[in-house]
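These notes are about the structure you will find just below.
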Amino acid sequence: MLFLTKYISVGMWNMHMKGNGDQEPCFFLKGLQPSLYVELSHKGFHREVVTTVELGSETPADVRALLVYRWPRDVYVDPYQVASLSHQRGWQMLFNTAIDLEEPAHRTSEFSTYVFPSHAGPTPNPLKVTIPIHGRYHKPSFDGKTFTPVHIELPELLLWTKKCTPFQRLEPHTVLDAPCTASNTSICSWVKIQNPNKNSVPMSLHLPVGDGSTVRLISTGTLVVTLICCVVLCHSMLKHQLR
Amino acid sequence: MMMERLLSALTEKRVLFPVSFVVRLALVVYGDYQDRNMVVKYTDIDYHVFTDAARFITEGQSPYNRSTYRYTPLLAWLLTPNIYLTVVFGKLLFIVCDVLSGLLIYKLLCLRGVGCQTARYVSSLWLLNPLPMGVSSRGNAESILSALVLGTLLCMEVRRLAWAAALYGLSVHMKIYPVTYALPIALSLRSSHTETNGTTQSWTWRTPVAFVGSFLNSKLILFASVAGGVFFTLTALFYYMYGWVFLHETYFYHLTRRDIRHNFSPYFYMLYLTADSRWSQSLGLAAFLPQLILLLVSSWTFHPDLAFTCFLHTAVFVSFNKVCTSQYFLWYLSLLPLVIPHLTLSVKQGLGLLLLWFAGQAVWLAPAYFLEFEGYNTFFLIWLAGLFFLVINSFILVQIIAHYRSRKSLERQKAE
């Protein structure tokens, strides 16, 4: 009985929406094919993830975009660096958790960030977002491998427009709840665009790791050299002490 | 001749100090311009950390809400004018402390029997040195510590013990490393009659008792009370205000710090490879022993000359520490001008040692750059370079020790 009541309520809501013609602003989303291309630049532990989004010429001017990145624990984004960059670059980032800037990878966890391309004015088209990321140190390897692979998922593209309340089916796209703005004071229903990615391969990088098999050599060598330096310095101090 | 005249004019007291301040001020102004207009920023990340922590304080919150703020709350409180007045207030404070350090070096050198003209030349090694200029104008707070430590040494030299103790307590509150000076200070304040008898007396059961008893005199008790009072009052106040997180971030973090990321320390790679192994604790302790032994030996052998002992202490502490970054070098470089006039090294030998020190850093920086910015696996080379740098530092210290003539030994030589 409860299920039937719900079904009728939703159906009536849909009829109400159709009656008001509110489906029209959402209609554009069905046919929309925005494209998203991501590339990784620089080398070493400090990289940049450059995301380019083309919304398409038919996209209304008041459409807002949101990029959702899910980062592995092997890398981190510095919230303080991003905050200082957002003034210059015009986008704002929201983190779903506090970030430790110093811990090695195995002591942290994955995290997500929400990138809001513009806090004022229409969304730029094409939209380009450059995010600096930093590699974390990893556990030393004991199998002779000198690098560890890191795979980064491609971001999700979400769109929103004030005139469209997406309760209708918008296949192939889906509806997702996410913060409305970077201030995270309210939740909005965003439309997640399916398969916008032009990348043929996922993003990956390789980070150097220490060679665990050399631990005996390293430890012995370190302790021997530091001991010798200590003995030499002690000898010198005792020989030239002030009387 | 022209150069000599120029040098002489530049190191005139009324020229040297104002010029050093003006140059640092110009760097602060330039730094502001570079930050606004260029991709690579002049200001150090630490300065942003201090400013963010000060902002939290102005909002009635704890400065430790700022991640990686690992300093005393006193520093963030001192920098609250960064928020109320101008963001460069902190940098101005640091450059003033930097020039003050130069003035304290000059005063100390004059008191230690170095002629005032030589004292000015040697102070200019600090005042006109681009390294401390750059460090303080970029917003590092090291100059506050160097001013406090030099102030302590100056007050000890003129026997103003209460002031020395207050400055010492404050310096230990701000950074832990001056705590190592407690032993040479205690040895230098011991009752003097035991020193003259100690070496000729045969060892009886009275000797250790007399040794311990020599520490119980009014001067040492006064020093310990004032220094301890200042330190514990500040600790209690900030513990009351900010709780356990203050103690952890300001002190315990630095005492237990095991930064496995690459740095100048000879122990870096060993600690990285053994970070999660069962040997981690024992190796950490083994790494601490050379530091401890050298601090004890240097205190015992050179305590009559407090400035030299403090220099040796700090140089040894930094070189044998489990973590070593270039900021730490300033801790002993600020004391080096006090040592230089007493060295019998020639200018050529001195410059040679300086070049060797820079070469040791360059040999480390090369593989470190390739690891961090090019992604090559250069861990083994960084390890070798770290050990090489330790060997170079040890060699330089041995040369300094071997060529050091304290004021007393110079006077004794003259008398003979």
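Going through the structure tokens in order, the chains are called A, B, and so on, while each chain numbers its residues from 1 and the ligands are numbered from 1 in the order shown.
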
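Using only C-alpha atoms, the chain B residues found within 6 Å of chain A amount to B:Met270, B:Leu273, B:Pro290, B:Thr301, B:Phe302, B:Glu372, B:Phe373, B:Glu374, B:Gly375, B:Asn377.
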
Can you pull out every residue within 9 Å of Met241 of chain B, counting only C-alpha atoms, but drop anything in the same chain fewer than 5 positions away, and send it as a PDB file with N, CA, C and O atoms, in the first residue's frame?
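Writing the result to result13.pdb gives the following:
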```
ATOM      1  N   SER B  62      42.483  28.033  17.887  1.00  0.00           N
ATOM      2  CA  SER B  62      43.850  27.575  18.164  1.00  0.00           C
ATOM      3  C   SER B  62      44.702  27.709  16.902  1.00  0.00           C
ATOM      4  O   SER B  62      44.245  27.410  15.801  1.00  0.00           O
ATOM      5  N   ALA B 236      53.053  26.303  30.840  1.00  0.00           N
ATOM      6  CA  ALA B 236      51.789  26.153  31.563  1.00  0.00           C
ATOM      7  C   ALA B 236      50.706  27.042  30.960  1.00  0.00           C
ATOM      8  O   ALA B 236      49.561  26.616  30.774  1.00  0.00           O
ATOM      9  N   PHE B 246      49.291  21.623  21.903  1.00  0.00           N
ATOM     10  CA  PHE B 246      50.420  22.556  21.988  1.00  0.00           C
ATOM     11  C   PHE B 246      51.708  21.797  22.327  1.00  0.00           C
ATOM     12  O   PHE B 246      52.742  21.959  21.684  1.00  0.00           O
TER      13      PHE B 246
END
```

task: Identify which of the residues A:Pro60, A:Gly90, A:Gly144, A:Pro117 lies closest to Lys162 of chain A, counting only C-alpha atoms when measuring atom-to-atom distances.
output: A:Pro60

Alpha helix (DSSP H) call set, DSSP backbone run, segment 328-406 of chain B, as number ranges by chain: B: 329-333, 336-339, 347-374, 379-402

query: Can you list, as number ranges by chain, every protein, DNA or RNA residue that comes within 10 Å of segment 116-132 of chain B when you count only C-alpha atoms, leaving out same-chain residues fewer than 4 positions away?
result: B: 7-8, 10-13, 16-17, 19-21, 23-24, 95, 98-112, 136-138, 140, 142-143, 327, 330, 333-341

message: Give me, as a PyMOL selection string, all polymer residues having an atom no more than 8 Å from Leu161 of chain B, counting only C-alpha atoms and skipping those fewer than 6 positions away in the same chain.
response: chain B and resi 155+219+222-223

- request: Would you list, as a VMD selection string, the residues of segment 45-224 of chain A that end up in strand (DSSP E or B) under DSSP run on this structure's backbone?
  value: chain A and resid 46 to 54 64 to 71 75 to 76 92 to 95 111 to 116 127 to 135 141 147 to 152 156 to 160 174 to 179 187 to 192 197 203 to 208 211

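Across the structure, atom CA of Ser282 of chain B and atom CA of Cys324 of chain B are spaced 20.1 Å apart.
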
- prompt: Which residue, A:Asn96, A:Ser204, A:Thr181, A:Ser118, has the smallest gap to Val38 of chain A when you use only C-alpha atoms?
  reply: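 Nearest to Val38 of chain A: A:Ser204.
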
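Between atom CA of Gly134 of chain B and atom CA of Val28 of chain B lies a distance of 9.1 Å.
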
- request: Kindly give the distance, in Å, that separates atom CA of Ala227 of chain B and atom CA of Val172 of chain B, rounded to a single decimal.
  value: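 If I compute the distance from atom CA of Ala227 of chain B to atom CA of Val172 of chain B, I get 8.9 Å.
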